[in-house]
file final_36.txt (compact mmCIF, C-alpha atoms)
# COMPACT_ATOMS: atom_id res chain seq x y z
CA MET A 1 11.79 -93.86 -235.09
CA ASN A 2 12.98 -91.54 -232.31
CA GLU A 3 14.46 -88.41 -233.88
CA PHE A 4 14.61 -86.49 -230.60
CA LYS A 5 17.43 -87.80 -228.42
CA ARG A 6 18.65 -84.59 -226.79
CA ILE A 7 15.85 -82.62 -225.11
CA ALA A 8 16.29 -79.10 -223.76
CA LEU A 9 13.94 -77.81 -221.04
CA ILE A 10 13.21 -74.11 -220.58
CA GLY A 11 10.99 -72.95 -217.72
CA ARG A 12 9.16 -69.76 -216.93
CA PRO A 13 10.42 -68.12 -213.71
CA ASP A 14 8.26 -67.24 -210.69
CA HIS A 15 5.73 -70.04 -211.11
CA SER A 16 5.72 -73.00 -208.72
CA GLY A 17 3.85 -75.22 -211.17
CA VAL A 18 6.67 -74.80 -213.70
CA VAL A 19 9.19 -76.30 -211.27
CA LEU A 20 6.93 -79.30 -210.64
CA SER A 21 6.51 -79.89 -214.38
CA ILE A 22 10.25 -79.62 -215.06
CA GLN A 23 11.02 -82.09 -212.29
CA ARG A 24 8.41 -84.43 -213.71
CA LEU A 25 9.89 -84.04 -217.18
CA ILE A 26 13.40 -84.85 -215.96
CA VAL A 27 12.21 -88.09 -214.35
CA PHE A 28 10.21 -89.03 -217.44
CA LEU A 29 12.96 -88.27 -219.96
CA GLN A 30 15.65 -89.99 -217.94
CA GLY A 31 13.39 -93.03 -217.81
CA LYS A 32 13.39 -92.96 -221.61
CA GLY A 33 17.19 -92.89 -221.65
CA LEU A 34 17.28 -89.46 -223.29
CA GLU A 35 19.84 -86.71 -222.79
CA ILE A 36 18.49 -83.69 -220.91
CA ILE A 37 19.81 -80.15 -221.24
CA LEU A 38 18.81 -77.20 -219.05
CA ASP A 39 19.58 -73.59 -219.76
CA GLU A 40 21.14 -71.56 -216.97
CA GLY A 41 17.93 -69.69 -216.18
CA THR A 42 15.96 -72.90 -215.76
CA VAL A 43 18.58 -74.49 -213.50
CA ALA A 44 18.24 -71.47 -211.19
CA LEU A 45 14.55 -72.35 -210.68
CA LEU A 46 15.28 -75.84 -209.35
CA PRO A 47 16.24 -76.50 -205.72
CA ASP A 48 18.52 -79.24 -207.07
CA HIS A 49 19.03 -81.16 -210.28
CA PRO A 50 20.65 -84.46 -211.22
CA SER A 51 24.39 -84.20 -211.82
CA ASP A 52 24.10 -85.97 -215.18
CA VAL A 53 21.88 -83.20 -216.60
CA GLN A 54 23.85 -80.86 -218.85
CA VAL A 55 23.67 -77.11 -218.25
CA CYS A 56 24.38 -74.46 -220.87
CA SER A 57 23.56 -70.89 -221.83
CA ARG A 58 20.48 -70.09 -223.92
CA GLN A 59 22.77 -69.21 -226.82
CA GLU A 60 24.37 -72.66 -226.79
CA LEU A 61 21.11 -74.64 -226.84
CA ALA A 62 20.84 -74.80 -230.62
CA LEU A 63 24.17 -76.59 -230.87
CA LEU A 64 23.31 -79.22 -228.29
CA THR A 65 19.65 -80.16 -228.66
CA ASP A 66 17.15 -81.80 -231.04
CA LEU A 67 13.99 -80.48 -229.36
CA VAL A 68 13.17 -77.69 -226.93
CA VAL A 69 10.33 -78.13 -224.44
CA VAL A 70 9.07 -74.81 -223.09
CA VAL A 71 7.25 -75.00 -219.75
CA GLY A 72 5.14 -71.90 -219.18
CA GLY A 73 2.60 -69.85 -221.07
CA ASP A 74 2.48 -68.22 -224.46
CA GLY A 75 4.75 -65.44 -223.20
CA SER A 76 7.47 -67.98 -222.47
CA MET A 77 7.09 -69.42 -225.96
CA LEU A 78 7.33 -65.95 -227.51
CA ASN A 79 10.58 -65.33 -225.67
CA VAL A 80 12.08 -68.63 -226.82
CA ALA A 81 10.84 -68.15 -230.39
CA ARG A 82 12.68 -64.86 -230.79
CA GLN A 83 15.91 -66.49 -229.68
CA LEU A 84 15.74 -69.91 -231.35
CA ALA A 85 13.70 -69.55 -234.56
CA SER A 86 16.75 -68.79 -236.69
CA ASP A 87 18.44 -71.95 -235.39
CA LYS A 88 15.71 -74.21 -236.88
CA ILE A 89 15.27 -76.11 -233.60
CA PRO A 90 11.73 -77.51 -233.16
CA VAL A 91 9.85 -76.31 -230.08
CA ILE A 92 6.88 -77.68 -228.15
CA GLY A 93 5.16 -76.22 -225.08
CA VAL A 94 3.75 -77.44 -221.78
CA ASN A 95 1.00 -75.03 -220.78
CA ARG A 96 1.50 -73.46 -217.37
CA GLY A 97 -0.06 -70.15 -218.42
CA ARG A 98 -3.60 -68.91 -218.91
CA LEU A 99 -4.56 -69.17 -222.58
CA GLY A 100 -1.95 -71.44 -224.10
CA PHE A 101 -2.48 -71.03 -227.86
CA LEU A 102 1.18 -71.97 -228.39
CA THR A 103 1.65 -74.44 -225.53
CA ASP A 104 -0.39 -77.55 -226.24
CA ILE A 105 0.60 -80.16 -223.68
CA LEU A 106 -1.39 -80.10 -220.45
CA PRO A 107 0.63 -80.65 -217.24
CA GLN A 108 -1.39 -83.74 -216.30
CA HIS A 109 -0.68 -85.30 -219.72
CA ILE A 110 3.07 -84.69 -219.92
CA GLU A 111 4.12 -88.34 -220.09
CA SER A 112 1.47 -89.59 -222.52
CA GLN A 113 1.58 -86.67 -224.98
CA LEU A 114 5.34 -86.15 -224.95
CA SER A 115 5.92 -89.89 -225.29
CA GLU A 116 3.95 -89.81 -228.55
CA VAL A 117 5.94 -86.84 -229.81
CA ILE A 118 9.28 -88.42 -228.96
CA SER A 119 8.17 -91.59 -230.76
CA GLY A 120 7.61 -89.55 -233.93
CA HIS A 121 3.84 -89.16 -233.70
CA PHE A 122 3.35 -85.42 -234.02
CA SER A 123 2.46 -82.65 -236.45
CA GLU A 124 4.77 -79.77 -237.30
CA GLU A 125 4.06 -76.31 -238.64
CA THR A 126 6.06 -73.16 -239.17
CA ARG A 127 5.15 -69.77 -237.73
CA PHE A 128 6.85 -66.73 -239.22
CA LEU A 129 8.20 -63.83 -237.19
CA LEU A 130 8.38 -60.13 -237.98
CA ASN A 131 11.51 -58.03 -237.75
CA ALA A 132 11.34 -54.31 -237.00
CA GLU A 133 14.04 -51.89 -238.14
CA ILE A 134 14.47 -48.16 -237.80
CA SER A 135 15.80 -46.14 -240.71
CA LYS A 136 17.82 -43.01 -240.00
CA ALA A 137 20.09 -41.07 -242.36
CA GLY A 138 20.07 -43.91 -244.88
CA GLU A 139 21.10 -46.53 -242.32
CA THR A 140 18.96 -49.19 -240.69
CA GLU A 141 19.14 -50.64 -237.19
CA SER A 142 17.28 -53.74 -236.02
CA LEU A 143 14.91 -53.07 -233.13
CA GLY A 144 13.80 -56.65 -232.49
CA ALA A 145 11.81 -59.64 -233.68
CA ALA A 146 8.23 -60.62 -232.86
CA LEU A 147 6.25 -63.83 -233.20
CA ASN A 148 3.00 -62.10 -232.23
CA ASP A 149 3.18 -58.41 -233.05
CA VAL A 150 5.08 -55.21 -233.50
CA VAL A 151 3.21 -52.38 -231.78
CA LEU A 152 3.46 -48.60 -232.04
CA HIS A 153 1.99 -47.06 -228.88
CA PRO A 154 2.18 -43.82 -226.89
CA GLY A 155 4.01 -45.32 -223.93
CA LYS A 156 2.90 -44.23 -220.46
CA ALA A 157 0.28 -41.62 -221.41
CA ALA A 158 -2.77 -42.22 -223.62
CA GLN A 159 -2.18 -39.68 -226.39
CA MET A 160 -2.83 -39.58 -230.10
CA ILE A 161 0.07 -40.46 -232.40
CA GLU A 162 0.17 -39.01 -235.91
CA PHE A 163 1.93 -41.12 -238.53
CA GLU A 164 1.89 -42.09 -242.20
CA LEU A 165 1.55 -45.71 -243.30
CA PHE A 166 3.06 -47.32 -246.43
CA VAL A 167 2.83 -50.91 -247.76
CA ASP A 168 5.43 -51.99 -250.32
CA GLY A 169 6.35 -48.35 -250.83
CA VAL A 170 2.79 -47.32 -251.63
CA PHE A 171 1.16 -44.69 -249.43
CA VAL A 172 -1.87 -46.11 -247.58
CA ASN A 173 -3.01 -43.31 -245.30
CA SER A 174 -2.14 -40.91 -242.53
CA GLN A 175 -3.53 -41.73 -239.13
CA GLU A 176 -4.19 -40.15 -235.79
CA SER A 177 -4.66 -42.90 -233.24
CA ASP A 178 -3.29 -44.40 -230.06
CA GLY A 179 -1.02 -46.49 -232.24
CA LEU A 180 -0.83 -49.43 -234.62
CA ILE A 181 -0.64 -53.19 -234.11
CA ILE A 182 1.16 -55.13 -236.84
CA ALA A 183 0.32 -58.77 -236.14
CA THR A 184 1.16 -62.15 -237.61
CA PRO A 185 -1.48 -64.92 -237.81
CA THR A 186 0.01 -66.22 -234.54
CA GLY A 187 -0.55 -62.81 -232.96
CA SER A 188 -4.07 -62.44 -234.36
CA THR A 189 -5.45 -64.20 -231.26
CA ALA A 190 -3.51 -61.95 -228.88
CA TYR A 191 -3.38 -58.14 -228.56
CA SER A 192 -4.71 -57.68 -232.09
CA LEU A 193 -7.89 -59.57 -231.21
CA SER A 194 -8.48 -57.36 -228.18
CA ALA A 195 -8.22 -54.30 -230.44
CA GLY A 196 -10.86 -55.63 -232.87
CA GLY A 197 -8.60 -57.39 -235.36
CA PRO A 198 -9.62 -60.58 -237.20
CA ILE A 199 -8.62 -64.10 -236.24
CA MET A 200 -6.31 -65.52 -238.92
CA HIS A 201 -5.53 -69.19 -239.37
CA PRO A 202 -1.82 -69.78 -238.58
CA SER A 203 -1.20 -71.27 -242.03
CA LEU A 204 -1.92 -67.95 -243.75
CA ASN A 205 0.90 -65.89 -245.21
CA ALA A 206 -0.61 -62.61 -244.10
CA VAL A 207 -0.16 -59.71 -241.71
CA VAL A 208 -2.94 -57.60 -240.18
CA LEU A 209 -2.57 -53.88 -239.46
CA VAL A 210 -4.89 -52.86 -236.62
CA PRO A 211 -5.26 -49.17 -235.70
CA MET A 212 -5.66 -48.55 -231.97
CA TYR A 213 -8.53 -46.21 -231.12
CA PRO A 214 -8.29 -44.29 -234.40
CA HIS A 215 -9.56 -40.72 -234.59
CA SER A 216 -11.36 -41.58 -237.84
CA LEU A 217 -14.24 -44.06 -237.59
CA SER A 218 -13.43 -45.26 -241.12
CA SER A 219 -10.05 -46.66 -240.03
CA ARG A 220 -10.39 -50.43 -239.90
CA PRO A 221 -8.02 -53.43 -239.68
CA LEU A 222 -6.24 -54.11 -242.96
CA VAL A 223 -4.90 -57.55 -243.97
CA VAL A 224 -1.92 -57.53 -246.34
CA ASP A 225 0.38 -60.15 -247.85
CA GLY A 226 2.84 -61.64 -245.37
CA ASP A 227 5.78 -60.76 -247.62
CA SER A 228 4.89 -57.07 -247.70
CA GLU A 229 7.20 -54.36 -246.46
CA ILE A 230 5.29 -52.25 -243.96
CA ARG A 231 6.63 -48.81 -243.17
CA PHE A 232 5.32 -46.03 -240.97
CA VAL A 233 6.73 -42.57 -240.40
CA VAL A 234 6.16 -40.64 -237.19
CA SER A 235 5.01 -37.08 -237.90
CA ARG A 236 7.81 -34.54 -237.75
CA SER A 237 5.47 -32.11 -236.00
CA SER A 238 4.77 -34.56 -233.16
CA ASP A 239 5.76 -33.48 -229.65
CA LEU A 240 5.10 -37.00 -228.39
CA LEU A 241 7.84 -39.65 -228.26
CA PRO A 242 5.94 -42.85 -229.03
CA MET A 243 7.24 -46.31 -228.19
CA LEU A 244 7.75 -49.41 -230.29
CA SER A 245 7.49 -52.88 -228.76
CA CYS A 246 8.03 -56.39 -230.12
CA ASP A 247 5.86 -59.02 -228.43
CA GLY A 248 5.39 -56.54 -225.59
CA GLU A 249 9.01 -56.76 -224.42
CA VAL A 250 11.50 -55.00 -226.68
CA ARG A 251 10.87 -51.28 -226.32
CA TYR A 252 12.34 -48.41 -228.29
CA GLU A 253 11.55 -44.71 -227.99
CA LEU A 254 10.88 -43.12 -231.39
CA GLN A 255 11.61 -39.55 -232.40
CA PRO A 256 9.59 -37.28 -234.72
CA GLY A 257 10.41 -38.20 -238.32
CA ASP A 258 11.62 -41.72 -237.50
CA GLU A 259 10.80 -44.40 -240.07
CA VAL A 260 10.09 -47.93 -238.91
CA ILE A 261 10.16 -50.83 -241.38
CA VAL A 262 8.56 -54.18 -240.57
CA ARG A 263 9.24 -57.27 -242.66
CA LYS A 264 8.94 -61.02 -242.33
CA GLN A 265 12.00 -62.61 -240.75
CA PRO A 266 13.65 -65.14 -243.10
CA MET A 267 13.67 -68.12 -240.71
CA PRO A 268 10.36 -69.23 -239.16
CA LEU A 269 9.76 -71.00 -235.88
CA ARG A 270 9.33 -74.79 -236.08
CA LEU A 271 6.38 -75.54 -233.79
CA ILE A 272 5.58 -79.13 -232.79
CA HIS A 273 2.07 -80.29 -231.81
CA PRO A 274 0.59 -83.54 -230.53
CA LEU A 275 -1.40 -85.28 -233.29
CA ASP A 276 -4.75 -84.37 -231.69
CA HIS A 277 -4.00 -80.63 -231.86
CA SER A 278 -6.59 -78.51 -233.69
CA PHE A 279 -6.44 -74.74 -234.14
CA TYR A 280 -10.23 -74.54 -234.15
CA GLY A 281 -10.37 -76.74 -231.06
CA ALA A 282 -7.96 -74.34 -229.35
CA CYS A 283 -10.21 -71.42 -230.31
CA ARG A 284 -13.24 -73.21 -228.84
CA SER A 285 -11.36 -73.94 -225.63
CA LYS A 286 -9.55 -70.63 -225.18
CA LEU A 287 -12.11 -68.20 -226.59
CA GLY A 288 -15.29 -69.89 -225.40
CA TRP A 289 -16.64 -70.78 -228.84
CA GLY A 290 -19.66 -73.09 -228.95
CA ASN A 291 -19.23 -76.86 -229.29
CA ARG A 292 -21.12 -79.26 -231.53
CA LEU A 293 -24.91 -79.05 -231.15
CA LEU A 294 -25.26 -82.79 -231.70
CA HIS A 295 -22.96 -85.49 -230.33
CA SER A 296 -20.54 -86.86 -232.89
CA ASP A 297 -17.91 -89.56 -232.62
CA SER A 298 -15.76 -87.86 -235.26
CA GLU A 299 -12.69 -85.99 -234.08
CA ASP A 300 -11.39 -82.60 -235.15
CA THR A 301 -8.80 -82.58 -237.87
CA GLY A 302 -6.50 -79.80 -238.92
CA THR A 303 -3.61 -77.84 -237.50
call {"tool": "encode", "arguments": {"input": "final_36.txt", "output": "structure tokens"}}
result
Amino acid sequence: MNEFKRIALIGRPDHSGVVLSIQRLIVFLQGKGLEIILDEGTVALLPDHPSDVQVCSRQELALLTDLVVVVGGDGSMLNVARQLASDKIPVIGVNRGRLGFLTDILPQHIESQLSEVISGHFSEETRFLLNAEISKAGETESLGAALNDVVLHPGKAAQMIEFELFVDGVFVNSQESDGLIIATPTGSTAYSLSAGGPIMHPSLNAVVLVPMYPHSLSSRPLVVDGDSEIRFVVSRSSDLLPMLSCDGEVRYELQPGDEVIVRKQPMPLRLIHPLDHSFYGACRSKLGWGNRLLHSDSEDTGT
């Protein structure tokens, strides 16, 4: 049964391969008799597009589509996830980036893999996002959402930040470091991994707190429950104005004494995979893990 009849395409700008893949997708989907929707940013990438392809704003996509196909890299998927997760629209990615942990379909396999998905042969999982808020004078203001990570960092200059960390209202420690990475399982293979954090399977309900170049050698990554409330307070004696970023894009300058609260966002992202997708297979491919020592005809299973 075909449950996806209206397909939205979103492309990463400034990448020639993205345009080629979108054009290929349009031809393929039209051949299937499916309705195609392009957001305004994606239309701007194309030298021309068929007149029967609907164009809308990114905000209107959720009302018009059954499935969103993101053509780009993981960064493109992160951007879409922050905007569409709360709308419960399933998303799948065509990898035109470098790593591609979130974008499974290879450009050369667009027709075969997407045909299977459209026919109902796919796996689906949910990936939760984090929401960061700042608390001032008893009021809170949302700073942004993140599928990968919320990061406290010094901004332009490499300087130590002093802050206190709390989990579920319980004091954990005070730190002097270059900052703190608060990462989801999705983000555990991104910036967190580069900073020495653990790889977490995407099915885990957990968050990892990774100190960045801590002054104390005993400071190590800490994994906590995914439903925890994580709070850190910038030292009032700090003369540095550290920055907060969500998935590397949303940036906010913090003041001494500011409190930042990070919690799981209520609505997760619905992520679609081809049936042959394997998280461990992706780790082998993207991270250079070793393959089987002996040949086996059995295939990987798992998400």
call {"tool": "closest_atom_pairs", "arguments": {"input": "final_36.txt", "of": "region 13-112 of chain A", "to": "region 126-142 of chain A", "cutoff": "12 Å", "atoms": "only C-alpha atoms", "output": "JSON lines"}}
result
{"residue": "A:Met77", "atom": "CA", "partner": "A:Arg127", "partner_atom": "CA", "distance": 11.9}
{"residue": "A:Leu78", "atom": "CA", "partner": "A:Leu129", "partner_atom": "CA", "distance": 9.9}
{"residue": "A:Asn79", "atom": "CA", "partner": "A:Leu129", "partner_atom": "CA", "distance": 11.9}
{"residue": "A:Ala81", "atom": "CA", "partner": "A:Leu129", "partner_atom": "CA", "distance": 8.5}
{"residue": "A:Arg82", "atom": "CA", "partner": "A:Leu129", "partner_atom": "CA", "distance": 7.9}
{"residue": "A:Gln83", "atom": "CA", "partner": "A:Leu129", "partner_atom": "CA", "distance": 11.1}
{"residue": "A:Leu84", "atom": "CA", "partner": "A:Leu129", "partner_atom": "CA", "distance": 11.3}
{"residue": "A:Ala85", "atom": "CA", "partner": "A:Leu129", "partner_atom": "CA", "distance": 8.4}
{"residue": "A:Ser86", "atom": "CA", "partner": "A:Leu129", "partner_atom": "CA", "distance": 9.9}
{"residue": "A:Lys88", "atom": "CA", "partner": "A:Thr126", "partner_atom": "CA", "distance": 10.0}
{"residue": "A:Ile89", "atom": "CA", "partner": "A:Thr126", "partner_atom": "CA", "distance": 11.2}
{"residue": "A:Pro90", "atom": "CA", "partner": "A:Thr126", "partner_atom": "CA", "distance": 9.3}
{"residue": "A:Val91", "atom": "CA", "partner": "A:Thr126", "partner_atom": "CA", "distance": 10.3}
{"residue": "A:Ile92", "atom": "CA", "partner": "A:Thr126", "partner_atom": "CA", "distance": 11.9}
{"residue": "A:Leu102", "atom": "CA", "partner": "A:Arg127", "partner_atom": "CA", "distance": 10.4}
call {"tool": "atom_distance", "arguments": {"input": "final_36.txt", "atom1": "CA of Phe28 (chain A)", "atom2": "CA of Phe101 (chain A)"}}
result
24.4 Å
call {"tool": "closest_residue", "arguments": {"input": "final_36.txt", "among": "A:Asp178, A:Pro266, A:Gly33, A:Gly196", "to": "Ile118 (chain A)", "atoms": "all atoms listed in the file"}}
result
A:Gly33
call {"tool": "atom_distance", "arguments": {"input": "final_36.txt", "atom1": "CA of Pro185 (chain A)", "atom2": "CA of Ser115 (chain A)"}}
result
28.9 Å
call {"tool": "residues_around", "arguments": {"input": "final_36.txt", "residues": "region 287-289 of chain A", "least_positions_apart": "2", "cutoff": "12 Å", "atoms": "all atoms listed in the file", "output": "PyMOL selection string"}}
result
chain A and resi 98-101+189-190+193-194+199+279-285+291-293
call {"tool": "write_last_selection", "arguments": {"input": "final_36.txt", "atoms": "C-alpha atoms", "output": "PDB file, keeping the file's coordinate frame"}}
result
ATOM      1  CA  ARG A  98      -3.600 -68.910-218.910  1.00  0.00           C
ATOM      2  CA  LEU A  99      -4.560 -69.170-222.580  1.00  0.00           C
ATOM      3  CA  GLY A 100      -1.950 -71.440-224.100  1.00  0.00           C
ATOM      4  CA  PHE A 101      -2.480 -71.030-227.860  1.00  0.00           C
ATOM      5  CA  THR A 189      -5.450 -64.200-231.260  1.00  0.00           C
ATOM      6  CA  ALA A 190      -3.510 -61.950-228.880  1.00  0.00           C
ATOM      7  CA  LEU A 193      -7.890 -59.570-231.210  1.00  0.00           C
ATOM      8  CA  SER A 194      -8.480 -57.360-228.180  1.00  0.00           C
ATOM      9  CA  ILE A 199      -8.620 -64.100-236.240  1.00  0.00           C
ATOM     10  CA  PHE A 279      -6.440 -74.740-234.140  1.00  0.00           C
ATOM     11  CA  TYR A 280     -10.230 -74.540-234.150  1.00  0.00           C
ATOM     12  CA  GLY A 281     -10.370 -76.740-231.060  1.00  0.00           C
ATOM     13  CA  ALA A 282      -7.960 -74.340-229.350  1.00  0.00           C
ATOM     14  CA  CYS A 283     -10.210 -71.420-230.310  1.00  0.00           C
ATOM     15  CA  ARG A 284     -13.240 -73.210-228.840  1.00  0.00           C
ATOM     16  CA  SER A 285     -11.360 -73.940-225.630  1.00  0.00           C
ATOM     17  CA  ASN A 291     -19.230 -76.860-229.290  1.00  0.00           C
ATOM     18  CA  ARG A 292     -21.120 -79.260-231.530  1.00  0.00           C
ATOM     19  CA  LEU A 293     -24.910 -79.050-231.150  1.00  0.00           C
TER      20      LEU A 293
END
call {"tool": "residues_around", "arguments": {"input": "final_36.txt", "residues": "Gly75 (chain A)", "least_positions_apart": "6", "cutoff": "9 Å", "atoms": "only C-alpha atoms", "output": "VMD selection string"}}
result
chain A and resid 12 97 247
call {"tool": "residues_near_point", "arguments": {"input": "final_36.txt", "point": "(15.3, -79.4, -206.3)", "cutoff": "12 Å", "atoms": "only C-alpha atoms", "output": "list in words"}}
result
Ser16, Val19, Leu20, Ser21, Ile22, Gln23, Arg24, Ile26, Thr42, Val43, Ala44, Leu45, Leu46, Pro47, Asp48, His49, Pro50 and Ser51 of chain A
call {"tool": "atom_distance", "arguments": {"input": "final_36.txt", "atom1": "CA of Arg58 (chain A)", "atom2": "CA of Gly187 (chain A)"}}
result
24.0 Å
call {"tool": "residues_around", "arguments": {"input": "final_36.txt", "residues": "Thr184 (chain A)", "least_positions_apart": "4", "cutoff": "10 Å", "atoms": "all atoms listed in the file", "output": "list of chain:residue names"}}
result
A:Arg127, A:Phe128, A:Leu129, A:Leu130, A:Ala146, A:Leu147, A:Asn148, A:Asp149, A:Val150, A:Ser188, A:Thr189, A:Ala190, A:Ser192, A:Met200, A:His201, A:Pro202, A:Leu204, A:Asn205, A:Ala206, A:Val207, A:Val208, A:Leu209, A:Val223, A:Gly226, A:Lys264
call {"tool": "axis_aligned_box", "arguments": {"input": "final_36.txt", "around": "region 53-57 of chain A", "padding_each_side": "5 Å", "output": "lines of an AutoDock Vina configuration file"}}
result
center_x = 23.1
center_y = -77.0
center_z = -219.2
size_x = 12.5
size_y = 22.3
size_z = 15.2
call {"tool": "closest_residue", "arguments": {"input": "final_36.txt", "among": "A:Gly144, A:Gly257, A:Gly120, A:Gly155", "to": "Pro274 (chain A)", "atoms": "all atoms listed in the file"}}
result
A:Gly120
call {"tool": "closest_residue", "arguments": {"input": "final_36.txt", "among": "A:Ala183, A:Leu254, A:Ile261, A:Val151", "to": "Asp225 (chain A)", "atoms": "only C-alpha atoms"}}
result
A:Ala183
call {"tool": "closest_residue", "arguments": {"input": "final_36.txt", "among": "A:Leu294, A:Leu114, A:Ala195, A:Val250", "to": "Leu275 (chain A)", "atoms": "all atoms listed in the file"}}
result
A:Leu114
call {"tool": "closest_residue", "arguments": {"input": "final_36.txt", "among": "A:Val260, A:Ile182, A:Ile272, A:Val69", "to": "Val18 (chain A)", "atoms": "all atoms listed in the file"}}
result
A:Val69
call {"tool": "closest_residue", "arguments": {"input": "final_36.txt", "among": "A:Lys5, A:Lys286, A:Arg270, A:His277", "to": "Asp87 (chain A)", "atoms": "all atoms listed in the file"}}
result
A:Arg270
call {"tool": "residues_around", "arguments": {"input": "final_36.txt", "residues": "Leu241 (chain A)", "least_positions_apart": "2", "cutoff": "12 Å", "atoms": "all atoms listed in the file", "output": "number ranges by chain"}}
result
A: 152-163, 179, 234-239, 243-244, 252-258
